[in-house]
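All remarks here apply to the structure that follows.
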Amino acid sequence: MAPSPPADSRVLAHVDMDAYYVEVELLTQPELRGRKIIVAQDSGRSVVLSASYEARADGVRSAMPLARARQMSPDAVVVSPHMEVYRELSRRIMAYFDTITDAVEQLSVDEAFLDLTGSLRRLGGPAEIGQKIRREIREEFDLPATVGIADRKFIAKIASTRAKPDGLLLVPPHRRLEFLHSLPVTAMWGVGGKTAESLKAFGITTVLQLAETPEPALRRRFGVTGTALHRLAWGEDARDVQPHRIEKSIGAEETFAVDVDDEAVLRAELLRLSHRVAARLRESGVSAEGISLKLRYSDFETLTRSSTLSHPTHSALAIYSRLLALLERLGERPQPVRLIGVRAERLVDEGGSLQLSFDRTETNWLDAESALDAIAKKFPQVQTAPASLLRARKEEP
Amino acid sequence: MEFTVERDVLSEAVSWAARSLSPRPPAPVLAGLHITAADQTVTISSFDHEISAQLHIEADVKQEGTILVSGRLLNDIVKSLPNAPVTVHLQDSRVQLTCRSSKFTLSTMPVDEYPELPGMPELAGTVDGAAFARAVSQVITAASKDDTLPILTGVKVEIEGDTITFLATDRYRLAMREINWSPVTPDISTSVLIKAKTLNDVAKSLAGAGSLQIALSESAELVGFSSGGRRTTSVLVDGDYPKIRQLFPEETPIHAVVGTAEFIEAARRVSLVSERNGHVRLQFTQDNEVILDAGVDDAASASEVIPATLTGEAITVGFNPAYLNEGLNVIDTDFLRFSFVSAPKPAMITGQAEAEGEKSIDFRYLLMPVRLINS
């Protein structure tokens with residue numbers, strides 16, 4: 001794994017779908033485009049879920065009671081929401097983001113942070129990637145999106161808000177402070193109505209004023225929030241891009257040169273794959289709560305069987321014994337196997353402790369596997385493998 | 001066939017028999033309840049090749065006969081009827097249920113395709129139903145829920161003379177409970193492995209009140225339970241259960257006594273910040289305190305100190321919070337005792353009536369600790 005670049009050279013994008021619910025509704029009701037549209041359940045006490053920019057011009061905002069929105073914008077069309085559709089499309093949009101970068105932090109159904117740092121070499125400069133994302137979302141989903149790009153998460157977020165709708169704003173590192181200090185304090189992410197009010201009472205309405213107020217004064221007045229605000233006003237953001245999941249699962253699979261019918265060969269392959277997956281789990285400092293087995297038969301019919309472990313594990317032995325149980329449960333195989341695969345799923349961080357078992361072999365094996373890791377690290381040219389695999393290899397023709 | 005019985009009686013009987021119907025019946029007829037009316041008695045049976053259930057209720061039988069109807073549907077219908085006598089009447093191949101102004105017609109399944117229920121094994125002895133139910137609830141928490149290890153999803157029931165011992169483990173904790181019973185043969189010595197789920201069902205649906213008869217077959221393939229005109233049989237889990245009694249340490253130089261309620265409360269609070277695969281750390285100190293903490297280097301952390309009477313050296317151990325709390329929750333005495341050999345060895349939890357008193361060994365919970373990394 002390449003070392004992470006220093007935080008200062010990060011390129012982070014905040015991608016926000018424009019009036020997402022409204023735009024999704026327009027896909028099926030295009031005749032409404034250009035009208036004032038409010039997405040809300042059409043009942044007495046419901047609230048506005050989303051509004052088109054035309055309706056927003058009348059003052060309609062999300063979360064506003066529908067009755068009030070109707071008064072402000074009497075000629076707006078009220079469209080019932082289709083949450084299932086929004087979620088399904090969102091899932092596909094997020095999956096598309098995964099093709100841009102590994103590090104995607106989904107914030108809600110219609111916005112996400114993308115760490116583009118690792119994609120620069122592959123996909124081009126920051127602005128180029130930003131335009132590419134907007135263009136591809138437009139082509140693929142027929143939806144508009146706005147992208148904000150900066151080297152700080154919260155600045156990328158502010159940038160996308162300023163660039164809306166259907167826009168792109170890139171804040172290069174050397175313009176970061178200039179950009180920030182041109183903003184009203186309410187533009188800062190995390191400064192809501194209450195905080196803005198207290199800041200105003202303190203005589204602060206712009207980010208520049210906030211930045212120029214000595215930090216101790218802010219701390220005395222606002223406590224830890226004051227310190228945090230002051231740091232933000234100078235472009236310091238402790239909130240790094242934290243993809244919720246660095247990896248969703250870790251898998252390994254093998255396509256045989258010749259389709260295999262022999263149980264012993266399949267088992268040996270499973271053991272080898274288990275060690276490969278377990279070593280990668282340990283390397284990433286994670287454990288798997290679920291294990292799945294994949295088989296592809298000669299005729300390309302593919303099946304997957306999953307199973308949940310009582311404890312998250314990163315032990316090859318635990319993974320292997322679960323795979324054997326899954327293989328056994330499949331019963332007799334109708335055809336020879338073309339491909340066999342292993343996947344460790346639902347990865348969780350190691351909890352700083354390891355559950356010991358009455359069955360000592362469980363713990364002993366794990367210790368042995370850690371020793372294998374240490375050997376592999378120290379002597380990269382040496383290959384370690386369970387003895388049973390050496391035997392299995394010899395038997396292969 | 002025709003009989004009449006009060007709605008409450010029928011509803012209770014049908015819902016009891018329907019409990020053991022398999023959600024995925026191995027054959028269509030096994031989705032049915034088998035109902036026989038004869039001699040002013042109605043017998044209702046269910047069977048899924050593993051578990052059978054049968055009970056008798058008194059009824060006003062006008063015409064004898066046998067029917068097989070969908071258990072789930074019958075159960076839903078009977079539950080919803082008004083509280084009045086229900087008449088069940090077979091006409092041609094359909095069953096009519098009449099209750100006040102409600103009338104239902106159900107199709108039946110062929111009675112002759114229904115397998116014969118296994119016979120009740122021979123009576124082995126009698127146990128107090130409530131004591132049995134309590135014992136089962138205490139041990140099944142430790143049984144494995146992982147069906148890739150079928151043996152560990154069972155509860156080992158060892159019978160030696162007038163003592164029954166229940167044992168269950170999932171390899172990470174072990175629960176053991178002893179109760180007395182009245183065997184038919186005073187020097188009986190045997191053991192069976194029963195699915196934890198089956199045992200739990202028996203405890204809940206049969207062992208509520210009065211005495212519970214336990215029946216064992218000679219060949220030890222089947223266990224039967226009966227109480228108050230209801231009986232159930234179950235096939236036993238096949239296989240060699242690991243020898244787990246020997247896991248209990250012979251000598252425990254360190255022990256600590258805490259107030260049960262106070263400790264449970266503290267452990268539950270502290271566990272709130274622990275991850276699913278995290279741990280709760282217990283530090284028993286020479287100052288007769290125990291410090292409970294969790295989530296040390298995570299986003300959230302918690303700690304709490306409560307009194308603990310320590311004998312022996314100070315000790316620090318970590319446990320999986322779920323395993324710890326599940327064990328604590330089935331202790332029913334005012335005080336509980338942790339007995340230790342050393343930190344990486346299993347800890348034994350037992351109850352006792354008084355802080356200064358002796359430990360009670362009717363129930364023992366042996367818990368494997370976690371190995372603390374970086375602490």
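Ligands are numbered from 1 in the order shown, residues from 1 within each chain, and chains are lettered A, B, ... in the order they appear in the structure tokens.
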
Do a neighbour search on region 26-35 of chain A at 9 Å with only C-alpha atoms, toss out local chain neighbours closer than 4 positions, and write the hits as a PyMOL selection string.
chain A and resi 21-22+52-55+75-77+142-143

Specify as a list in words all residues of chain A found within 8 Å of chain B, counting only C-alpha atoms.
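The complete set of qualifying residues is Leu309, Ser310, His311, Pro312, Arg322, Ala325, Glu350, Gly351, Gly352, Ser353, Leu354, Gln355, Leu356, Ser357, Phe358 and Asp359 of chain A.
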
Between CA of Gly71 (chain B) and CA of Phe104 (chain B), what distance in Å does the model show, to one decimal?
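For CA of Gly71 (chain B) relative to CA of Phe104 (chain B), the distance reads 14.4 Å.
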
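In this structure, CA of Ser198 (chain A) sits 27.9 Å away from CA of Ala57 (chain A).
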
Give me, please, the distance in Å between CA of Ile67 (chain B) and CA of Ser45 (chain B), quoted to one decimal.
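Spanning CA of Ile67 (chain B) to CA of Ser45 (chain B) is a straight-line distance of 10.7 Å.
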
Run DSSP on the backbone and tell me which residues of region 179-278 of chain B come out as strand (DSSP E or B); list them as an MDAnalysis selection string.
chainID B and resid 179:180 182:183 189:195 211:216 222:227 230:235 254:259

Emit the selected residues as a compact mmCIF listing (two decimals), in the first residue's frame, including N, CA, C and O atoms.
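selection-v4.txt, freshly written:
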# COMPACT_ATOMS: atom_id res chain seq x y z
N ILE B 179 -30.36 -29.67 39.34
CA ILE B 179 -31.63 -29.67 40.09
C ILE B 179 -31.94 -31.09 40.54
O ILE B 179 -31.40 -32.06 40.01
N ASN B 180 -32.82 -31.18 41.51
CA ASN B 180 -33.23 -32.50 42.00
C ASN B 180 -34.48 -32.95 41.28
O ASN B 180 -35.28 -32.13 40.83
N SER B 182 -37.28 -36.76 40.90
CA SER B 182 -37.63 -38.06 41.47
C SER B 182 -37.59 -39.11 40.36
O SER B 182 -38.56 -39.23 39.60
N PRO B 183 -36.49 -39.85 40.26
CA PRO B 183 -36.40 -40.84 39.20
C PRO B 183 -37.22 -42.08 39.54
O PRO B 183 -37.45 -42.38 40.71
N SER B 189 -28.53 -43.73 35.65
CA SER B 189 -27.33 -43.01 35.25
C SER B 189 -27.30 -42.95 33.73
O SER B 189 -27.06 -43.94 33.06
N THR B 190 -27.59 -41.79 33.19
CA THR B 190 -27.64 -41.67 31.74
C THR B 190 -27.44 -40.21 31.35
O THR B 190 -27.39 -39.32 32.21
N SER B 191 -27.30 -39.97 30.06
CA SER B 191 -27.25 -38.58 29.63
C SER B 191 -27.79 -38.47 28.20
O SER B 191 -27.68 -39.41 27.42
N VAL B 192 -28.40 -37.33 27.91
CA VAL B 192 -28.95 -37.10 26.58
C VAL B 192 -28.59 -35.69 26.13
O VAL B 192 -28.30 -34.82 26.96
N LEU B 193 -28.61 -35.48 24.82
CA LEU B 193 -28.31 -34.17 24.26
C LEU B 193 -29.57 -33.67 23.56
O LEU B 193 -30.05 -34.31 22.61
N ILE B 194 -30.14 -32.58 24.06
CA ILE B 194 -31.41 -32.07 23.54
C ILE B 194 -31.19 -30.69 22.96
O ILE B 194 -30.51 -29.85 23.57
N LYS B 195 -31.77 -30.41 21.81
CA LYS B 195 -31.65 -29.09 21.20
C LYS B 195 -32.10 -28.00 22.19
O LYS B 195 -33.18 -28.11 22.80
N SER B 211 -46.09 -30.72 38.08
CA SER B 211 -44.90 -31.53 37.85
C SER B 211 -44.81 -31.92 36.39
O SER B 211 -45.79 -31.96 35.66
N LEU B 212 -43.59 -32.19 35.98
CA LEU B 212 -43.29 -32.52 34.59
C LEU B 212 -42.70 -33.92 34.56
O LEU B 212 -41.76 -34.23 35.28
N GLN B 213 -43.32 -34.77 33.73
CA GLN B 213 -42.78 -36.13 33.59
C GLN B 213 -41.76 -36.16 32.46
O GLN B 213 -42.00 -35.58 31.40
N ILE B 214 -40.66 -36.82 32.71
CA ILE B 214 -39.63 -36.96 31.68
C ILE B 214 -39.55 -38.43 31.30
O ILE B 214 -39.50 -39.31 32.16
N ALA B 215 -39.58 -38.69 29.99
CA ALA B 215 -39.55 -40.06 29.50
C ALA B 215 -38.36 -40.25 28.58
O ALA B 215 -38.05 -39.37 27.78
N LEU B 216 -37.68 -41.36 28.75
CA LEU B 216 -36.50 -41.61 27.94
C LEU B 216 -36.64 -42.97 27.28
O LEU B 216 -37.05 -43.94 27.91
N LEU B 222 -34.90 -40.78 21.66
CA LEU B 222 -36.07 -39.92 21.81
C LEU B 222 -36.20 -39.51 23.27
O LEU B 222 -35.92 -40.29 24.18
N VAL B 223 -36.63 -38.25 23.48
CA VAL B 223 -36.97 -37.84 24.83
C VAL B 223 -38.41 -37.36 24.81
O VAL B 223 -38.87 -36.81 23.80
N GLY B 224 -39.15 -37.63 25.87
CA GLY B 224 -40.53 -37.18 25.95
C GLY B 224 -40.77 -36.39 27.21
O GLY B 224 -40.14 -36.63 28.25
N PHE B 225 -41.66 -35.41 27.12
CA PHE B 225 -42.05 -34.64 28.29
C PHE B 225 -43.57 -34.63 28.34
O PHE B 225 -44.23 -34.49 27.30
N SER B 226 -44.14 -34.75 29.53
CA SER B 226 -45.59 -34.64 29.61
C SER B 226 -46.01 -33.97 30.90
O SER B 226 -45.31 -34.04 31.92
N SER B 227 -47.12 -33.29 30.82
CA SER B 227 -47.64 -32.59 31.99
C SER B 227 -49.10 -32.23 31.71
O SER B 227 -49.41 -31.71 30.63
N ARG B 230 -50.73 -33.11 28.37
CA ARG B 230 -50.00 -32.70 27.17
C ARG B 230 -48.67 -33.43 27.12
O ARG B 230 -48.03 -33.61 28.15
N ARG B 231 -48.29 -33.81 25.91
CA ARG B 231 -47.00 -34.48 25.79
C ARG B 231 -46.30 -34.03 24.54
O ARG B 231 -46.91 -33.63 23.55
N THR B 232 -44.98 -34.06 24.62
CA THR B 232 -44.21 -33.73 23.45
C THR B 232 -43.02 -34.67 23.39
O THR B 232 -42.50 -35.08 24.44
N THR B 233 -42.62 -35.06 22.20
CA THR B 233 -41.41 -35.87 22.07
C THR B 233 -40.48 -35.17 21.11
O THR B 233 -40.91 -34.39 20.26
N SER B 234 -39.20 -35.44 21.28
CA SER B 234 -38.22 -34.84 20.38
C SER B 234 -37.10 -35.83 20.13
O SER B 234 -36.72 -36.58 21.05
N VAL B 235 -36.59 -35.85 18.91
CA VAL B 235 -35.41 -36.68 18.68
C VAL B 235 -34.23 -35.99 19.35
O VAL B 235 -34.22 -34.77 19.54
N ILE B 254 -8.20 -16.76 43.85
CA ILE B 254 -8.70 -15.38 43.93
C ILE B 254 -10.21 -15.40 43.81
O ILE B 254 -10.76 -16.07 42.92
N HIS B 255 -10.90 -14.71 44.70
CA HIS B 255 -12.31 -14.52 44.45
C HIS B 255 -12.80 -13.18 44.97
O HIS B 255 -12.18 -12.58 45.86
N ALA B 256 -13.86 -12.71 44.37
CA ALA B 256 -14.40 -11.40 44.72
C ALA B 256 -15.92 -11.51 44.78
O ALA B 256 -16.53 -12.16 43.93
N VAL B 257 -16.50 -10.90 45.81
CA VAL B 257 -17.95 -10.94 45.98
C VAL B 257 -18.51 -9.54 45.79
O VAL B 257 -17.98 -8.56 46.34
N VAL B 258 -19.55 -9.43 44.98
CA VAL B 258 -20.19 -8.13 44.72
C VAL B 258 -21.70 -8.27 44.91
O VAL B 258 -22.23 -9.38 44.86
N GLY B 259 -22.37 -7.15 45.10
CA GLY B 259 -23.83 -7.15 45.14
C GLY B 259 -24.35 -7.36 43.73
O GLY B 259 -23.93 -6.66 42.81

Calculated over only C-alpha atoms, which of the candidates B:Val95, B:Met176, B:Leu236, B:Val9 has the smallest distance to Gly154 (chain B)?
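Distance minimum relative to Gly154 (chain B) lands on B:Leu236.
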
Selection near Glu328 (chain A), 12 Å with only C-alpha atoms, sequence-local residues under 6 positions removed, as a list in words
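So, after excluding close chain neighbours, the residues are Glu263, Leu266, Arg267, Leu293, Arg305, Ser321 and Arg322 of chain A; Thr148 of chain B.
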
Selection near region 326-331 of chain B, 7 Å with only C-alpha atoms, sequence-local residues under 5 positions removed, as a VMD selection string
chain B and resid 138 141 264 351 365

In region 142-171 of chain A, what's helix (DSSP H, G or I) per DSSP? Answer as number ranges by chain?
A: 153-163

Find the spatial neighbours of region 174-191 of chain A, counting only C-alpha atoms, within a cut-off of 6 Å - ignore same-chain residues fewer than 2 positions away - and output them as a PyMOL selection string.
chain A and resi 172+195+205-208

Env of Asp112 (chain B): 10 Å cut, atoms = only C-alpha atoms, seq-sep filter 5 positions within chain, self excluded. Answer as a list in words.
Val29, Thr66, Ile67 and Leu68 of chain B

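Residues in contact range of Ala59 (chain B), defined as at most 8 Å between only C-alpha atoms, with sequence neighbours fewer than 4 positions away removed, read B:Phe3, B:Thr4, B:Val5, B:Gln40, B:Thr41, B:Val42.
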
Would you mind exporting N, CA, C and O atoms of the selected residues as a PDB file, in the first residue's frame?
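Result saved to result-v4.pdb:
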ATOM      1  N   PHE B   3     -67.902 -32.184  17.144  1.00  0.00           N
ATOM      2  CA  PHE B   3     -67.776 -31.930  18.590  1.00  0.00           C
ATOM      3  C   PHE B   3     -67.951 -30.448  18.864  1.00  0.00           C
ATOM      4  O   PHE B   3     -67.818 -29.609  17.964  1.00  0.00           O
ATOM      5  N   THR B   4     -68.254 -30.150  20.117  1.00  0.00           N
ATOM      6  CA  THR B   4     -68.443 -28.767  20.535  1.00  0.00           C
ATOM      7  C   THR B   4     -67.619 -28.521  21.789  1.00  0.00           C
ATOM      8  O   THR B   4     -67.566 -29.369  22.684  1.00  0.00           O
ATOM      9  N   VAL B   5     -66.937 -27.377  21.806  1.00  0.00           N
ATOM     10  CA  VAL B   5     -66.082 -27.061  22.949  1.00  0.00           C
ATOM     11  C   VAL B   5     -66.009 -25.534  23.079  1.00  0.00           C
ATOM     12  O   VAL B   5     -66.213 -24.811  22.103  1.00  0.00           O
ATOM     13  N   GLN B  40     -65.889 -38.451  24.310  1.00  0.00           N
ATOM     14  CA  GLN B  40     -65.964 -37.130  24.954  1.00  0.00           C
ATOM     15  C   GLN B  40     -64.590 -36.459  25.087  1.00  0.00           C
ATOM     16  O   GLN B  40     -64.392 -35.604  25.947  1.00  0.00           O
ATOM     17  N   THR B  41     -63.652 -36.903  24.270  1.00  0.00           N
ATOM     18  CA  THR B  41     -62.312 -36.326  24.322  1.00  0.00           C
ATOM     19  C   THR B  41     -61.859 -35.981  22.905  1.00  0.00           C
ATOM     20  O   THR B  41     -62.083 -36.760  21.980  1.00  0.00           O
ATOM     21  N   VAL B  42     -61.210 -34.825  22.786  1.00  0.00           N
ATOM     22  CA  VAL B  42     -60.629 -34.452  21.495  1.00  0.00           C
ATOM     23  C   VAL B  42     -59.109 -34.458  21.658  1.00  0.00           C
ATOM     24  O   VAL B  42     -58.574 -33.881  22.614  1.00  0.00           O
TER      25      VAL B  42
END

Counting only C-alpha atoms, the residue of A:Ile291, A:Ala67, A:Ile319, A:Leu339 that sits nearest Glu362 (chain A)
A:Ile319
